>>> print(open('final_7.cif').read())   # mmCIF, C-alpha atoms
data_query
loop_
_atom_site.label_atom_id
_atom_site.label_comp_id
_atom_site.auth_asym_id
_atom_site.auth_seq_id
_atom_site.Cartn_x
_atom_site.Cartn_y
_atom_site.Cartn_z
CA MET H 1190 0.00 0.00 0.00
CA VAL H 1191 2.72 2.44 0.98
CA ALA H 1192 4.70 1.73 -2.17
CA GLU H 1193 1.64 2.19 -4.33
CA ALA H 1194 0.72 5.41 -2.55
CA ARG H 1195 4.21 6.72 -3.10
CA ASP H 1196 4.22 5.65 -6.74
CA ARG H 1197 0.84 7.32 -7.28
CA GLY H 1198 2.10 10.48 -5.65
CA LEU H 1199 -0.62 10.43 -3.01
CA ARG H 1200 -0.32 13.00 -0.25
CA ASN H 1201 -1.72 10.44 2.17
CA PHE H 1202 -3.95 7.37 2.27
CA LEU H 1203 -6.22 5.55 4.66
CA GLY H 1204 -5.72 1.82 5.02
CA LEU H 1205 -8.58 -0.25 6.36
CA GLU H 1206 -8.76 -3.94 7.14
CA ASP H 1207 -11.80 -5.75 5.88
CA ASP H 1208 -13.11 -6.55 9.36
CA ALA H 1209 -13.01 -2.98 10.66
CA ILE H 1210 -16.30 -1.87 12.20
CA PHE H 1211 -17.20 1.72 12.91
CA LEU H 1212 -18.69 4.00 15.52
CA ASP H 1213 -22.13 5.47 14.99
CA THR H 1214 -20.67 9.01 14.91
CA THR H 1215 -17.66 8.19 12.77
CA LEU H 1216 -18.13 10.96 10.25
CA ASP H 1217 -18.60 13.65 12.87
CA VAL H 1218 -15.60 12.50 14.87
CA VAL H 1219 -13.38 12.28 11.80
CA SER H 1220 -14.51 15.72 10.72
CA GLY H 1221 -13.61 17.20 14.08
CA ALA H 1222 -10.30 15.37 14.26
CA LEU H 1223 -9.25 16.55 10.83
CA SER H 1224 -10.02 20.13 11.82
CA GLU H 1225 -7.72 19.69 14.79
CA LEU H 1226 -5.08 18.02 12.64
CA ASP H 1227 -4.90 21.06 10.40
CA GLY H 1228 -1.57 22.73 10.99
CA LEU H 1229 -0.02 19.78 12.83
CA ASP H 1230 2.86 17.77 11.45
CA TRP H 1231 1.88 14.13 11.34
CA ASP H 1232 3.01 10.81 9.96
CA LEU H 1233 0.37 8.38 11.19
CA LEU H 1234 -3.25 8.91 12.12
CA TYR H 1235 -4.94 6.04 13.89
CA LEU H 1236 -8.70 5.93 13.47
CA GLY H 1237 -8.69 2.91 15.72
CA GLY H 1238 -6.35 0.63 17.57
CA ALA H 1239 -5.85 -1.55 20.61
CA ALA H 1240 -4.76 0.92 23.27
CA TRP H 1241 -2.82 -1.08 25.83
CA GLU H 1242 -2.11 2.21 27.60
CA PRO H 1243 -4.51 5.16 27.57
CA PRO H 1244 -3.70 7.76 24.91
CA VAL H 1245 -2.40 11.09 26.19
CA GLU H 1246 -4.58 14.17 25.97
CA ILE H 1247 -3.24 17.04 23.90
CA PRO H 1248 -3.87 20.52 25.35
CA GLY H 1249 -6.41 22.37 23.27
CA HIS H 1250 -7.53 19.27 21.41
CA THR H 1251 -10.45 16.98 22.09
CA ALA H 1252 -10.74 14.80 19.00
CA LEU H 1253 -7.03 14.00 18.75
CA GLN H 1254 -4.79 12.34 21.30
CA SER H 1255 -1.22 11.06 21.37
CA PRO H 1256 -1.13 7.27 21.26
CA ARG H 1257 0.83 5.17 23.73
CA SER H 1258 1.29 1.47 23.20
CA LEU H 1259 -1.26 1.37 20.43
CA ALA H 1260 -1.47 -1.82 18.40
CA CYS H 1261 -3.44 -2.92 15.33
CA THR H 1262 -3.72 -1.33 11.91
CA HIS H 1263 -7.36 -1.88 11.03
CA ALA H 1264 -7.84 1.82 10.33
CA LEU H 1265 -4.62 3.73 9.89
CA ALA H 1266 -3.93 6.77 7.76
CA VAL H 1267 -0.39 7.30 6.55
CA ASN H 1268 0.94 10.67 5.51
CA HIS H 1269 3.45 11.06 2.68
CA THR H 1270 6.02 12.14 5.22
CA ALA H 1271 6.26 8.52 6.43
CA TYR H 1272 6.46 6.72 3.08
CA ASP H 1273 10.23 6.62 2.70
CA ARG H 1274 10.87 5.60 6.29
CA LEU H 1275 8.31 2.82 6.12
CA LEU H 1276 9.58 1.53 2.80
CA ALA H 1277 13.14 1.59 4.03
CA ALA H 1278 12.22 -0.39 7.11
CA ILE H 1279 9.66 -2.87 5.80
CA PRO H 1280 10.53 -5.19 2.91
CA ALA H 1281 8.29 -5.96 -0.05
CA ALA H 1282 6.03 -8.98 -0.04
CA ASP H 1283 8.71 -11.46 -1.03
CA GLY H 1284 10.86 -10.55 1.96
CA ILE H 1285 8.21 -10.01 4.57
CA GLU H 1286 8.31 -13.45 6.23
CA GLU H 1287 11.78 -12.95 7.66
CA TRP H 1288 10.98 -9.41 8.72
CA ILE H 1289 7.85 -10.58 10.51
CA THR H 1290 9.86 -13.18 12.34
CA GLU H 1291 11.93 -10.38 13.82
CA HIS H 1292 9.23 -7.78 14.38
CA ALA H 1293 6.16 -10.02 15.01
CA ALA H 1294 3.85 -7.83 12.90
CA ILE H 1295 3.70 -4.46 11.26
CA ASP H 1296 1.42 -3.10 13.94
CA GLN H 1297 3.92 -4.20 16.58
CA TYR H 1298 6.71 -2.48 14.69
CA LEU H 1299 4.70 0.73 14.59
CA PHE H 1300 3.70 0.30 18.24
CA HIS H 1301 7.36 0.52 19.28
CA ARG H 1302 8.36 3.14 16.74
CA VAL H 1303 5.51 5.44 17.73
CA ASN H 1304 6.32 4.99 21.41
CA ALA H 1305 9.92 5.92 20.61
CA GLY H 1306 8.83 9.07 18.81
CA TYR H 1307 10.11 7.93 15.44
CA PHE H 1308 6.74 8.65 13.85
CA ARG H 1309 4.52 11.62 14.71
CA ALA H 1310 1.27 9.88 15.42
CA TYR H 1311 -2.21 10.81 16.56
CA VAL H 1312 -5.23 8.76 17.45
CA LEU H 1313 -8.84 9.82 17.24
CA ASN H 1314 -10.85 10.35 20.40
CA PRO H 1315 -13.01 8.38 20.52
CA ARG H 1316 -11.52 5.69 18.32
CA VAL H 1317 -14.03 5.40 15.49
CA ALA H 1318 -12.89 2.04 14.16
CA THR H 1319 -12.45 -1.22 15.96
CA GLN H 1320 -12.73 -4.94 15.37
CA ALA H 1321 -15.27 -7.27 16.93
CA GLU H 1322 -12.71 -8.92 19.19
CA LEU H 1323 -11.39 -5.56 20.43
CA ALA H 1324 -14.90 -4.36 21.18
CA ALA H 1325 -15.48 -7.51 23.18
CA TYR H 1326 -12.27 -7.22 25.19
CA ASP H 1327 -12.62 -5.30 28.45
CA GLY H 1328 -10.04 -2.55 28.68
CA LEU H 1329 -9.77 -1.94 24.95
CA ASP H 1330 -12.82 -0.77 23.01
CA ALA H 1331 -15.43 -2.42 25.21
CA ALA H 1332 -16.60 0.87 26.72
CA LEU H 1333 -18.14 1.90 23.41
CA ARG H 1334 -18.99 -1.56 22.16
CA ASP H 1335 -22.69 -0.76 21.79
CA ARG H 1336 -21.91 2.23 19.63
CA TYR H 1337 -19.92 0.40 16.99
CA THR H 1338 -23.11 -0.03 15.04
CA ILE H 1339 -21.65 0.13 11.52
CA ARG H 1340 -20.70 -3.53 11.43
CA MET C 99 -26.85 10.22 6.64
CA SER C 100 -26.43 12.51 3.66
CA TRP C 101 -22.68 12.57 3.16
CA ASP C 102 -22.64 10.77 -0.11
CA ARG C 103 -25.72 11.04 -2.19
CA PRO C 104 -23.97 11.72 -5.47
CA GLN C 105 -25.25 14.55 -7.54
CA ARG C 106 -24.71 15.63 -11.12
CA ALA C 107 -22.30 18.50 -11.62
CA ALA C 108 -23.69 21.88 -12.43
CA GLY C 109 -23.63 22.94 -16.04
CA ILE C 110 -23.83 19.57 -17.72
CA GLU C 111 -26.21 18.87 -20.58
CA ILE C 112 -27.67 15.43 -21.06
CA ALA C 113 -29.10 14.03 -24.27
CA GLU C 114 -30.55 10.59 -24.90
CA LEU C 115 -28.95 8.35 -27.47
CA GLY C 116 -30.19 5.01 -28.63
CA ARG C 117 -28.21 3.05 -26.06
CA GLY C 118 -27.38 5.41 -23.24
CA LEU C 119 -26.81 9.06 -22.56
CA LEU C 120 -24.59 11.68 -24.09
CA VAL C 121 -23.25 14.11 -21.51
CA ARG C 122 -21.73 17.41 -22.43
CA GLN C 123 -19.88 19.42 -19.81
CA ALA C 124 -18.77 22.98 -20.23
CA GLU C 125 -15.77 23.14 -17.92
CA PRO C 126 -13.50 21.55 -18.87
CA PRO C 127 -15.21 21.12 -22.25
CA ARG C 128 -15.83 17.40 -22.76
CA VAL C 129 -18.40 15.01 -24.15
CA HIS C 130 -19.05 11.63 -22.56
CA GLN C 131 -21.01 8.80 -24.13
CA LEU C 132 -22.33 6.57 -21.37
CA ASN C 133 -23.35 2.95 -21.67
CA ASN C 134 -26.65 1.71 -20.29
CA THR C 135 -25.34 1.00 -16.80
CA ALA C 136 -23.58 4.34 -16.43
CA SER C 137 -26.66 6.07 -17.79
CA ILE C 138 -28.87 4.50 -15.13
CA VAL C 139 -26.34 5.43 -12.48
CA LEU C 140 -26.15 9.02 -13.68
CA GLU C 141 -29.92 9.37 -13.75
CA LEU C 142 -30.04 8.26 -10.12
CA CYS C 143 -27.27 10.64 -9.09
CA ASP C 144 -29.77 13.29 -8.11
CA GLY C 145 -28.57 14.03 -4.61
CA HIS C 146 -31.23 11.81 -3.09
CA HIS C 147 -29.96 8.26 -3.70
CA THR C 148 -27.02 6.65 -1.93
CA VAL C 149 -24.58 4.43 -3.80
CA ALA C 150 -26.16 1.42 -2.13
CA GLU C 151 -29.59 2.48 -3.37
CA ILE C 152 -28.22 2.98 -6.85
CA ALA C 153 -26.76 -0.53 -6.72
CA GLY C 154 -30.18 -1.80 -5.71
CA ALA C 155 -31.75 -0.08 -8.68
CA LEU C 156 -29.21 -1.65 -11.00
CA ALA C 157 -30.03 -5.05 -9.56
CA GLY C 158 -33.66 -4.43 -10.38
CA ALA C 159 -32.95 -3.11 -13.86
CA PHE C 160 -30.77 -6.05 -14.83
CA THR C 161 -32.54 -8.74 -12.75
CA LEU C 162 -29.48 -9.48 -10.67
CA ASP C 163 -29.49 -11.65 -7.57
CA ALA C 164 -27.63 -9.08 -5.50
CA PRO C 165 -26.98 -5.35 -5.78
CA PRO C 166 -23.72 -4.81 -7.67
CA LEU C 167 -22.29 -2.49 -5.05
CA ASP C 168 -18.71 -2.69 -6.29
CA GLU C 169 -19.71 -1.86 -9.83
CA ALA C 170 -22.04 0.93 -8.78
CA ALA C 171 -19.39 2.44 -6.54
CA ALA C 172 -16.78 2.20 -9.28
CA CYS C 173 -19.15 3.80 -11.75
CA VAL C 174 -19.89 6.68 -9.39
CA ALA C 175 -16.19 7.12 -8.78
CA GLY C 176 -15.53 7.17 -12.51
CA LEU C 177 -18.25 9.72 -13.17
CA ARG C 178 -16.89 11.83 -10.34
CA ARG C 179 -13.36 11.65 -11.72
CA ALA C 180 -14.70 12.63 -15.12
CA GLY C 181 -16.30 15.70 -13.61
CA VAL C 182 -19.82 14.61 -14.47
CA LEU C 183 -20.70 14.38 -10.78
CA ALA C 184 -20.28 17.20 -8.32
CA GLY C 185 -17.69 17.07 -5.63
CA ARG C 186 -18.84 16.54 -2.11
CA ASP C 187 -18.03 17.67 1.37
CA HIS C 188 -17.18 14.43 3.11
CA PRO C 189 -14.56 14.16 5.85
CA PHE C 190 -12.95 11.11 4.27
CA ASP C 191 -12.18 13.22 1.22
CA PHE C 192 -9.22 14.36 3.27
CA PHE C 193 -7.65 11.01 2.41
CA ALA C 194 -6.21 10.92 -1.08
CA ALA C 195 -7.00 7.22 -1.33
CA ILE C 196 -8.76 4.64 0.80
CA TYR C 197 -7.56 1.07 0.58
CA CYS C 198 -9.09 -2.01 2.12
CA LEU C 199 -6.88 -5.01 2.76
CA ASN C 200 -8.58 -8.29 1.85
CA LEU C 201 -7.44 -11.81 1.08
CA ASP C 202 -8.43 -13.13 -2.33
CA HIS C 203 -10.02 -16.22 -0.83
CA GLN C 204 -12.23 -14.22 1.56
CA PRO C 205 -14.73 -12.46 -0.72
CA ASP C 206 -17.33 -12.62 2.04
CA ARG C 207 -15.23 -10.32 4.20
CA TRP C 208 -14.88 -7.92 1.29
CA GLU C 209 -18.63 -7.92 0.73
CA ASN C 210 -19.25 -7.26 4.41
CA GLY C 211 -16.71 -4.48 4.31
CA CYS C 212 -18.45 -2.93 1.32
CA ARG C 213 -21.70 -2.82 3.27
CA ARG C 214 -19.98 -0.89 6.04
CA PHE C 215 -18.31 1.42 3.54
CA ALA C 216 -21.69 2.10 1.98
CA ALA C 217 -23.06 2.96 5.41
CA LEU C 218 -20.25 5.48 5.76
CA ASP C 219 -20.88 6.66 2.21
CA ILE C 220 -17.32 5.95 1.18
CA ALA C 221 -17.96 2.85 -0.91
CA ALA C 222 -17.24 4.70 -4.11
CA ARG C 223 -13.79 5.56 -2.90
CA VAL C 224 -12.55 2.35 -1.31
CA GLU C 225 -10.10 0.37 -3.40
CA ARG C 226 -9.62 -3.29 -2.58
CA PHE C 227 -5.98 -4.13 -1.90
CA PRO C 228 -5.13 -7.85 -2.08
CA ALA C 229 -3.55 -9.12 1.11
CA ILE C 230 -0.76 -11.67 1.18
CA SER C 231 -1.94 -15.13 2.12
CA THR C 232 0.50 -16.74 4.54
CA PRO C 233 -1.24 -19.57 6.35
CA GLY C 234 1.77 -20.13 8.58
CA ASN C 235 1.66 -16.64 10.03
CA HIS C 236 -1.64 -14.90 10.51
CA HIS C 237 0.05 -11.57 11.13
CA VAL C 238 1.18 -11.28 7.52
CA GLY C 239 -1.58 -9.91 5.39
CA CYS C 240 -3.48 -8.82 8.45
CA ALA C 241 -1.40 -5.79 9.21
#
>>> encode(input="final_7.cif", output="structure tokens")
Amino acid sequence: MVAEARDRGLRNFLGLEDDAIFLDTTLDVVSGALSELDGLDWDLLYLGGAAWEPPVEIPGHTALQSPRSLACTHALAVNHTAYDRLLAAIPAADGIEEWITEHAAIDQYLFHRVNAGYFRAYVLNPRVATQAELAAYDGLDAALRDRYTIR
Amino acid sequence: MSWDRPQRAAGIEIAELGRGLLVRQAEPPRVHQLNNTASIVLELCDGHHTVAEIAGALAGAFTLDAPPLDEAAACVAGLRRAGVLAGRDHPFDFFAAIYCLNLDHQPDRWENGCRRFAALDIAARVERFPAISTPGNHHVGCA
């Protein structure tokens, strides 16, 4: 996806997994978050994710937070500013098996890189996308499980 | 929800041909000859029908078992790219492209995804991206 986005000259893209489900107010939340994103430098924008630690509030912002220990990539937007770094770090399909052996999964790689500040990342508040198993798991997206009605 | 009820662009002229519509747009100056399917889609792009409803109408017109959501969405996207349909104010327009990762052997998951995308009114914009099937490691192709 990243390579194609770069080759197409896209300024950014949103990648979704086919089992992503969505909050009832997704469009309103995304609209507000994008207004807050205006003027910020960003590499990754998580519309959802498994937050193993609570995201950090950003002063003056309500629809955007700073992720901590955020896993999963079922709804992740990537800005052009991250293309080269991602492509340098992650091999193409024919080399991915070995890379996965070392890094476990792409979401785990990003989890650590975001925590280390290598990518400038934000996560929507509330997270508008989840997966059925995350919505069922207490401590992750269970608090809003009844509102993920676009499923 | 009214985020994506596609609507014809202002200033286009439509004429009926034997097998479809002829669309003339002033800016940029172009003429489009639409086939039957695209003509039906364009006629329903009146700002009142969603892409899913348009797909349902196509299913009725062509006696299909299921609404051809993919085809309807692709047709709407094509008409929009051609400038025949008006732009829209949708928050997901911020994203230059929207991909959905899906394994080739899981068309059911893609179909379910399309239903959700239609509910968000982004079905016309989502491009399926084939995932890598690696049965030995479920992480690959999932993330």
>>> interface_residues(input="final_7.cif", of="chain C", to="chain H", cutoff="7 Å", atoms="all atoms listed in the file", output="number ranges by chain")
C: 189, 193-200, 207-208, 211, 214, 217, 237-238, 241
>>> residues_around(input="final_7.cif", residues="Leu1226 (chain H)", least_positions_apart="2", cutoff="12 Å", atoms="only C-alpha atoms", output="PyMOL selection string")
(chain H and resi 1219-1224+1228-1234+1247+1249-1255+1268+1309-1313) or (chain C and resi 192)
>>> resolve_selection(input="final_7.cif", expression="the PyMOL selection byres ((chain H and resi 1333) around 10)", output="list in words")
Leu1212, Asp1213, Pro1315, Arg1316, Val1317, Thr1319, Ala1324, Ala1325, Leu1329, Asp1330, Ala1331, Ala1332, Arg1334, Asp1335, Arg1336, Tyr1337 and Thr1338 of chain H
>>> resolve_selection(input="final_7.cif", expression="the PyMOL selection byres ((chain C and resi 182) around 8)", output="PDB file with C-alpha atoms, in the coordinates of the input")
ATOM      1  CA  ARG C 106     -24.710  15.630 -11.120  1.00  0.00           C
ATOM      2  CA  ALA C 107     -22.300  18.500 -11.620  1.00  0.00           C
ATOM      3  CA  ILE C 110     -23.830  19.570 -17.720  1.00  0.00           C
ATOM      4  CA  VAL C 121     -23.250  14.110 -21.510  1.00  0.00           C
ATOM      5  CA  GLN C 123     -19.880  19.420 -19.810  1.00  0.00           C
ATOM      6  CA  LEU C 177     -18.250   9.720 -13.170  1.00  0.00           C
ATOM      7  CA  ARG C 178     -16.890  11.830 -10.340  1.00  0.00           C
ATOM      8  CA  ARG C 179     -13.360  11.650 -11.720  1.00  0.00           C
ATOM      9  CA  ALA C 180     -14.700  12.630 -15.120  1.00  0.00           C
ATOM     10  CA  GLY C 181     -16.300  15.700 -13.610  1.00  0.00           C
ATOM     11  CA  LEU C 183     -20.700  14.380 -10.780  1.00  0.00           C
ATOM     12  CA  ALA C 184     -20.280  17.200  -8.320  1.00  0.00           C
TER      13      ALA C 184
END
>>> axis_aligned_box(input="final_7.cif", around="region 1288-1293 of chain H", padding_each_side="4 Å", output="AutoDock Vina command-line options")
--center_x 9.0 --center_y -10.5 --center_z 11.9 --size_x 13.8 --size_y 13.4 --size_z 14.3
>>> atom_distance(input="final_7.cif", atom1="CA of Ile1279 (chain H)", atom2="CA of Asp206 (chain C)")
28.9 Å
>>> atom_distance(input="final_7.cif", atom1="CA of His1269 (chain H)", atom2="CA of Arg1195 (chain H)")
7.3 Å
>>> atom_distance(input="final_7.cif", atom1="CA of Ala229 (chain C)", atom2="CA of Gly154 (chain C)")
28.4 Å
>>> resolve_selection(input="final_7.cif", expression="the PyMOL selection byres ((chain C and resi 222) around 9)", output="list of chain:residue names")
C:Val149, C:Leu167, C:Asp168, C:Ala170, C:Ala171, C:Ala172, C:Cys173, C:Val174, C:Ala175, C:Gly176, C:Phe215, C:Ala216, C:Asp219, C:Ile220, C:Ala221, C:Arg223, C:Val224, C:Glu225
>>> closest_residue(input="final_7.cif", among="H:Asp1227, H:Pro1244, H:Ala1192, H:Ala1239", to="Glu1322 (chain H)", atoms="only C-alpha atoms")
H:Ala1239
>>> decode(input="final_7.cif", residues="region 137-201 of chain C", atoms="C-alpha atoms", output="tab-separated table (two decimals), in the first residue's frame")
chain	number	residue	atom	x	y	z
C	137	SER	CA	-26.66	6.07	-17.79
C	138	ILE	CA	-28.87	4.50	-15.13
C	139	VAL	CA	-26.34	5.43	-12.48
C	140	LEU	CA	-26.15	9.02	-13.68
C	141	GLU	CA	-29.92	9.37	-13.75
C	142	LEU	CA	-30.04	8.26	-10.12
C	143	CYS	CA	-27.27	10.64	-9.09
C	144	ASP	CA	-29.77	13.29	-8.11
C	145	GLY	CA	-28.57	14.03	-4.61
C	146	HIS	CA	-31.23	11.81	-3.09
C	147	HIS	CA	-29.96	8.26	-3.70
C	148	THR	CA	-27.02	6.65	-1.93
C	149	VAL	CA	-24.58	4.43	-3.80
C	150	ALA	CA	-26.16	1.42	-2.13
C	151	GLU	CA	-29.59	2.48	-3.37
C	152	ILE	CA	-28.22	2.98	-6.85
C	153	ALA	CA	-26.76	-0.53	-6.72
C	154	GLY	CA	-30.18	-1.80	-5.71
C	155	ALA	CA	-31.75	-0.08	-8.68
C	156	LEU	CA	-29.21	-1.65	-11.00
C	157	ALA	CA	-30.03	-5.05	-9.56
C	158	GLY	CA	-33.66	-4.43	-10.38
C	159	ALA	CA	-32.95	-3.11	-13.86
C	160	PHE	CA	-30.77	-6.05	-14.83
C	161	THR	CA	-32.54	-8.74	-12.75
C	162	LEU	CA	-29.48	-9.48	-10.67
C	163	ASP	CA	-29.49	-11.65	-7.57
C	164	ALA	CA	-27.63	-9.08	-5.50
C	165	PRO	CA	-26.98	-5.35	-5.78
C	166	PRO	CA	-23.72	-4.81	-7.67
C	167	LEU	CA	-22.29	-2.49	-5.05
C	168	ASP	CA	-18.71	-2.69	-6.29
C	169	GLU	CA	-19.71	-1.86	-9.83
C	170	ALA	CA	-22.04	0.93	-8.78
C	171	ALA	CA	-19.39	2.44	-6.54
C	172	ALA	CA	-16.78	2.20	-9.28
C	173	CYS	CA	-19.15	3.80	-11.75
C	174	VAL	CA	-19.89	6.68	-9.39
C	175	ALA	CA	-16.19	7.12	-8.78
C	176	GLY	CA	-15.53	7.17	-12.51
C	177	LEU	CA	-18.25	9.72	-13.17
C	178	ARG	CA	-16.89	11.83	-10.34
C	179	ARG	CA	-13.36	11.65	-11.72
C	180	ALA	CA	-14.70	12.63	-15.12
C	181	GLY	CA	-16.30	15.70	-13.61
C	182	VAL	CA	-19.82	14.61	-14.47
C	183	LEU	CA	-20.70	14.38	-10.78
C	184	ALA	CA	-20.28	17.20	-8.32
C	185	GLY	CA	-17.69	17.07	-5.63
C	186	ARG	CA	-18.84	16.54	-2.11
C	187	ASP	CA	-18.03	17.67	1.37
C	188	HIS	CA	-17.18	14.43	3.11
C	189	PRO	CA	-14.56	14.16	5.85
C	190	PHE	CA	-12.95	11.11	4.27
C	191	ASP	CA	-12.18	13.22	1.22
C	192	PHE	CA	-9.22	14.36	3.27
C	193	PHE	CA	-7.65	11.01	2.41
C	194	ALA	CA	-6.21	10.92	-1.08
C	195	ALA	CA	-7.00	7.22	-1.33
C	196	ILE	CA	-8.76	4.64	0.80
C	197	TYR	CA	-7.56	1.07	0.58
C	198	CYS	CA	-9.09	-2.01	2.12
C	199	LEU	CA	-6.88	-5.01	2.76
C	200	ASN	CA	-8.58	-8.29	1.85
C	201	LEU	CA	-7.44	-11.81	1.08
